[in-house]
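Only one structure is covered here, and it is reproduced in the block below.
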Amino acid sequence: PNRLSIARNKYNITMIPRETSYHTRPRKTTTATTSTHHNRKYQNLRISLAILLTLTLSLLSILLDIDLPLPSSRTSLRRSLQTAPKLRYLGRSHSALLPYAHHNLRRIKLLDDSATPLFWHIPKSGGTTAKRLYDCFGLTLANRLGADPRYGLHDKEEIVVFHPFDSSSSNNDNDGDDNAREHSSSNNSNNSSRNNAKFVNVDTTTQEGILRAERLGLVPSRKADIIFSSDVYFASDHLFDESHRGTILALFRQPIDRLVSKFYYLQTATWERTYRPEWKDMSLLEWAEKVNGDENFLVKKIVGKKLREEVDLG
């Protein structure tokens, strides 16, 4: 050390620090920085996989009618997979559907000729038009007309198929539904276009009529091609079972348009059970604020609630 110091002072040599030496190569990226970069990429990949798996589980729970626990975070993902039930969706799973829908109705993807269609007739939503179309198809219908006393079949203790609009029927025949033009034009020319219409002798628009149809074995008899009812809950619960399942069809209308149509229609529809001539003296706004009780109408029908009952939508 002493000799080195003497030589350095004698020849005036300046020591260049290694960090600033021109002959020093640039430092390489440290292993810690590289590891952090890879960890970030791995973390992003895990997040993407967690989101994809959550969406997949959601889709499976909808398609298979089962309740799968969905992870709320990445840390609960593995726990959710461990606690998820087996895919026991062939009639043994725990379903979020209402009991009548789960046990008595068939999914659309399993639709076949063994399932009897139930047309959910929502008032002022095109149900009467649907009836006329099925008339043209030559199908046998079950609705209000079937138990009309004029045809003498309302007290028969068996399911009977009949033609109410043939030439021997009264010229004043109508099916008591919500189409004013149907009732204002009950002449021979109107009925002649429906001579092929067929009905069964039950009324599926009232709970009393539905219970009678159930007792007579309407669905097991296979005599009705399609059933019409506004009470989708009661009809599905009583007419179908696990051995004789059904499917539900419906036409939906914009809610405000449907209520406006109902307001004006029931002012003149003398043939309807819900005929309301007193509404003629009311404005639409007054009726909507003071009289209208159609709040969550479709939801209440599905769950079997009355119009004045409250429904918990939480």
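Please note that chains go A, B, ... in the order of the structure tokens, that every chain numbers its residues from 1, and that ligands are numbered from 1 in the order shown.
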For this session: Show which residues sit within 12 Å of A:Ala115, as a PyMOL selection string. Count only C-alpha atoms, and ignore same-chain residues fewer than 3 positions away.
Result: chain A and resi 104-112+118+219-220+222+224-227+239-249
If you keep N, CA and C atoms, can you produce a file of those selected residues as a compact mmCIF listing (two decimals), in the first residue's frame?
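Output below, filename part.txt:
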```
# COMPACT_ATOMS: atom_id res chain seq x y z
N ASN A 104 -93.31 -28.91 -13.61
CA ASN A 104 -94.43 -29.14 -14.53
C ASN A 104 -94.20 -28.66 -15.95
N LEU A 105 -93.15 -27.87 -16.16
CA LEU A 105 -92.93 -27.30 -17.49
C LEU A 105 -91.65 -27.85 -18.09
N ARG A 106 -91.63 -27.89 -19.40
CA ARG A 106 -90.48 -28.42 -20.13
C ARG A 106 -89.70 -27.26 -20.75
N ARG A 107 -88.36 -27.37 -20.68
CA ARG A 107 -87.54 -26.34 -21.29
C ARG A 107 -87.70 -26.36 -22.81
N ILE A 108 -87.53 -25.20 -23.40
CA ILE A 108 -87.72 -25.06 -24.84
C ILE A 108 -86.79 -25.98 -25.61
N LYS A 109 -85.55 -26.16 -25.15
CA LYS A 109 -84.61 -27.00 -25.89
C LYS A 109 -85.00 -28.46 -25.85
N LEU A 110 -85.94 -28.82 -24.93
CA LEU A 110 -86.43 -30.19 -24.86
C LEU A 110 -87.86 -30.30 -25.39
N LEU A 111 -88.29 -29.28 -26.13
CA LEU A 111 -89.65 -29.25 -26.64
C LEU A 111 -89.90 -30.41 -27.60
N ASP A 112 -91.04 -31.08 -27.39
CA ASP A 112 -91.43 -32.14 -28.31
C ASP A 112 -92.95 -32.23 -28.30
N LEU A 118 -99.23 -24.05 -23.30
CA LEU A 118 -100.13 -23.16 -22.58
C LEU A 118 -99.85 -21.75 -23.06
N VAL A 219 -105.16 -32.40 -19.83
CA VAL A 219 -103.85 -32.59 -20.44
C VAL A 219 -103.56 -34.06 -20.74
N PRO A 220 -103.79 -34.99 -19.81
CA PRO A 220 -103.55 -36.40 -20.14
C PRO A 220 -104.40 -36.92 -21.30
N ARG A 222 -104.98 -35.46 -24.05
CA ARG A 222 -104.34 -35.06 -25.31
C ARG A 222 -105.36 -34.57 -26.35
N ALA A 224 -106.70 -31.42 -26.33
CA ALA A 224 -106.49 -29.99 -26.59
C ALA A 224 -105.10 -29.78 -27.16
N ASP A 225 -105.03 -29.11 -28.30
CA ASP A 225 -103.73 -28.83 -28.90
C ASP A 225 -103.03 -27.65 -28.23
N ILE A 226 -103.82 -26.72 -27.70
CA ILE A 226 -103.24 -25.56 -27.02
C ILE A 226 -104.26 -25.04 -26.02
N ILE A 227 -103.78 -24.59 -24.88
CA ILE A 227 -104.62 -24.11 -23.79
C ILE A 227 -104.39 -22.61 -23.62
N LEU A 239 -102.81 -27.98 -14.10
CA LEU A 239 -103.08 -28.75 -15.31
C LEU A 239 -101.93 -29.69 -15.67
N PHE A 240 -100.72 -29.33 -15.29
CA PHE A 240 -99.55 -30.13 -15.66
C PHE A 240 -98.95 -30.80 -14.43
N ASP A 241 -98.17 -31.84 -14.68
CA ASP A 241 -97.39 -32.50 -13.63
C ASP A 241 -96.12 -33.04 -14.25
N GLU A 242 -95.33 -33.77 -13.48
CA GLU A 242 -94.06 -34.25 -13.99
C GLU A 242 -94.23 -35.31 -15.07
N SER A 243 -95.37 -35.98 -15.09
CA SER A 243 -95.63 -36.99 -16.13
C SER A 243 -96.25 -36.38 -17.37
N HIS A 244 -96.89 -35.22 -17.23
CA HIS A 244 -97.54 -34.54 -18.35
C HIS A 244 -97.13 -33.06 -18.29
N ARG A 245 -95.97 -32.78 -18.82
CA ARG A 245 -95.44 -31.43 -18.75
C ARG A 245 -95.96 -30.57 -19.88
N GLY A 246 -95.82 -29.26 -19.69
CA GLY A 246 -96.25 -28.31 -20.71
C GLY A 246 -95.16 -27.31 -21.02
N THR A 247 -95.46 -26.45 -21.97
CA THR A 247 -94.60 -25.31 -22.29
C THR A 247 -95.47 -24.06 -22.32
N ILE A 248 -94.86 -22.92 -22.13
CA ILE A 248 -95.61 -21.66 -22.08
C ILE A 248 -95.22 -20.78 -23.25
N LEU A 249 -96.24 -20.24 -23.92
CA LEU A 249 -96.07 -19.26 -24.98
C LEU A 249 -96.76 -17.97 -24.55
```
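The shortest atom-to-atom distance to A:Phe252, with only C-alpha atoms taken into account, belongs to A:Leu298 out of A:Met282, A:Val311, A:Leu298, A:Leu216.
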Exercise. What is the distance, in Å and to one decimal place, between atom CA of A:Phe162 and atom CA of A:Ser236?
Worked result: 24.1 Å
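Omitting stretch 205-215 of chain A and its sequence neighbours fewer than 4 positions away, and counting only C-alpha atoms, the residues within 9 Å are Ala142, Asn143, Arg144, Ala147, Ile159, Asn201, Val219, Phe228, Ser229, Ser230, Asp231, Phe234, Ala235, His238, Leu239 and Phe240 of chain A.
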Keeping only N, CA, C and O atoms, write those residues as a tab-separated table (two decimals), in the first residue's frame.
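result.tsv written:
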```tsv
chain	number	residue	atom	x	y	z
A	142	ALA	N	-108.50	-24.82	-25.87
A	142	ALA	CA	-109.18	-24.82	-24.57
A	142	ALA	C	-109.14	-23.40	-24.04
A	142	ALA	O	-108.06	-22.86	-23.80
A	143	ASN	N	-110.31	-22.78	-23.92
A	143	ASN	CA	-110.39	-21.43	-23.36
A	143	ASN	C	-111.80	-21.19	-22.83
A	143	ASN	O	-112.53	-22.15	-22.54
A	144	ARG	N	-112.22	-19.97	-22.71
A	144	ARG	CA	-113.50	-19.64	-22.08
A	144	ARG	C	-114.70	-20.19	-22.84
A	144	ARG	O	-115.70	-20.58	-22.24
A	147	ALA	N	-116.79	-23.90	-22.17
A	147	ALA	CA	-117.80	-24.21	-21.15
A	147	ALA	C	-119.02	-23.32	-21.24
A	147	ALA	O	-119.79	-23.23	-20.28
A	159	ILE	N	-114.03	-35.02	-21.30
A	159	ILE	CA	-113.54	-34.03	-22.24
A	159	ILE	C	-114.12	-34.31	-23.62
A	159	ILE	O	-113.95	-35.40	-24.16
A	201	ASN	N	-114.67	-28.80	-24.02
A	201	ASN	CA	-115.74	-28.28	-23.17
A	201	ASN	C	-115.29	-27.94	-21.74
A	201	ASN	O	-115.88	-28.37	-20.76
A	219	VAL	N	-105.16	-32.40	-19.83
A	219	VAL	CA	-103.85	-32.59	-20.44
A	219	VAL	C	-103.56	-34.06	-20.74
A	219	VAL	O	-103.12	-34.39	-21.85
A	228	PHE	N	-105.48	-21.86	-23.50
A	228	PHE	CA	-105.39	-20.42	-23.27
A	228	PHE	C	-105.81	-20.10	-21.85
A	228	PHE	O	-106.86	-20.57	-21.38
A	229	SER	N	-105.01	-19.28	-21.16
A	229	SER	CA	-105.35	-18.86	-19.81
A	229	SER	C	-104.58	-17.61	-19.45
A	229	SER	O	-103.41	-17.46	-19.84
A	230	SER	N	-105.22	-16.72	-18.69
A	230	SER	CA	-104.53	-15.55	-18.17
A	230	SER	C	-103.86	-15.83	-16.83
A	230	SER	O	-102.97	-15.10	-16.41
A	231	ASP	N	-104.32	-16.88	-16.15
A	231	ASP	CA	-103.77	-17.24	-14.84
A	231	ASP	C	-102.67	-18.28	-15.03
A	231	ASP	O	-102.86	-19.48	-14.81
A	234	PHE	N	-101.72	-20.52	-11.76
A	234	PHE	CA	-102.70	-21.52	-11.34
A	234	PHE	C	-102.85	-22.62	-12.39
A	234	PHE	O	-102.92	-23.81	-12.07
A	235	ALA	N	-102.89	-22.22	-13.65
A	235	ALA	CA	-103.05	-23.20	-14.73
A	235	ALA	C	-101.85	-24.13	-14.81
A	235	ALA	O	-102.00	-25.36	-14.94
A	238	HIS	N	-101.83	-26.65	-11.81
A	238	HIS	CA	-102.90	-27.66	-11.68
A	238	HIS	C	-103.09	-28.53	-12.93
A	238	HIS	O	-103.51	-29.68	-12.82
A	239	LEU	N	-102.81	-27.98	-14.10
A	239	LEU	CA	-103.08	-28.75	-15.31
A	239	LEU	C	-101.93	-29.69	-15.67
A	239	LEU	O	-102.15	-30.73	-16.29
A	240	PHE	N	-100.72	-29.33	-15.29
A	240	PHE	CA	-99.55	-30.13	-15.66
A	240	PHE	C	-98.95	-30.80	-14.43
A	240	PHE	O	-99.19	-30.41	-13.29
```
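We find atom CA of A:Phe199 and atom CA of A:Val161 to be spaced 5.6 Å apart.
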For this session: Find the spatial neighbours of A:Asn196, counting only C-alpha atoms, within a cut-off of 8 Å - ignore same-chain residues fewer than 3 positions away - and output them as a VMD selection string.
Result: chain A and resid 135 to 136 138 163 165 to 166 193
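With only C-alpha atoms as the basis for measurement, A:Lys223 is the residue among A:Lys223, A:Lys41, A:Arg132, A:His154 that approaches A:Thr116 most closely.
Straight-line separation from atom CA of A:Pro99 to atom CA of A:Ile302: 11.5 Å.
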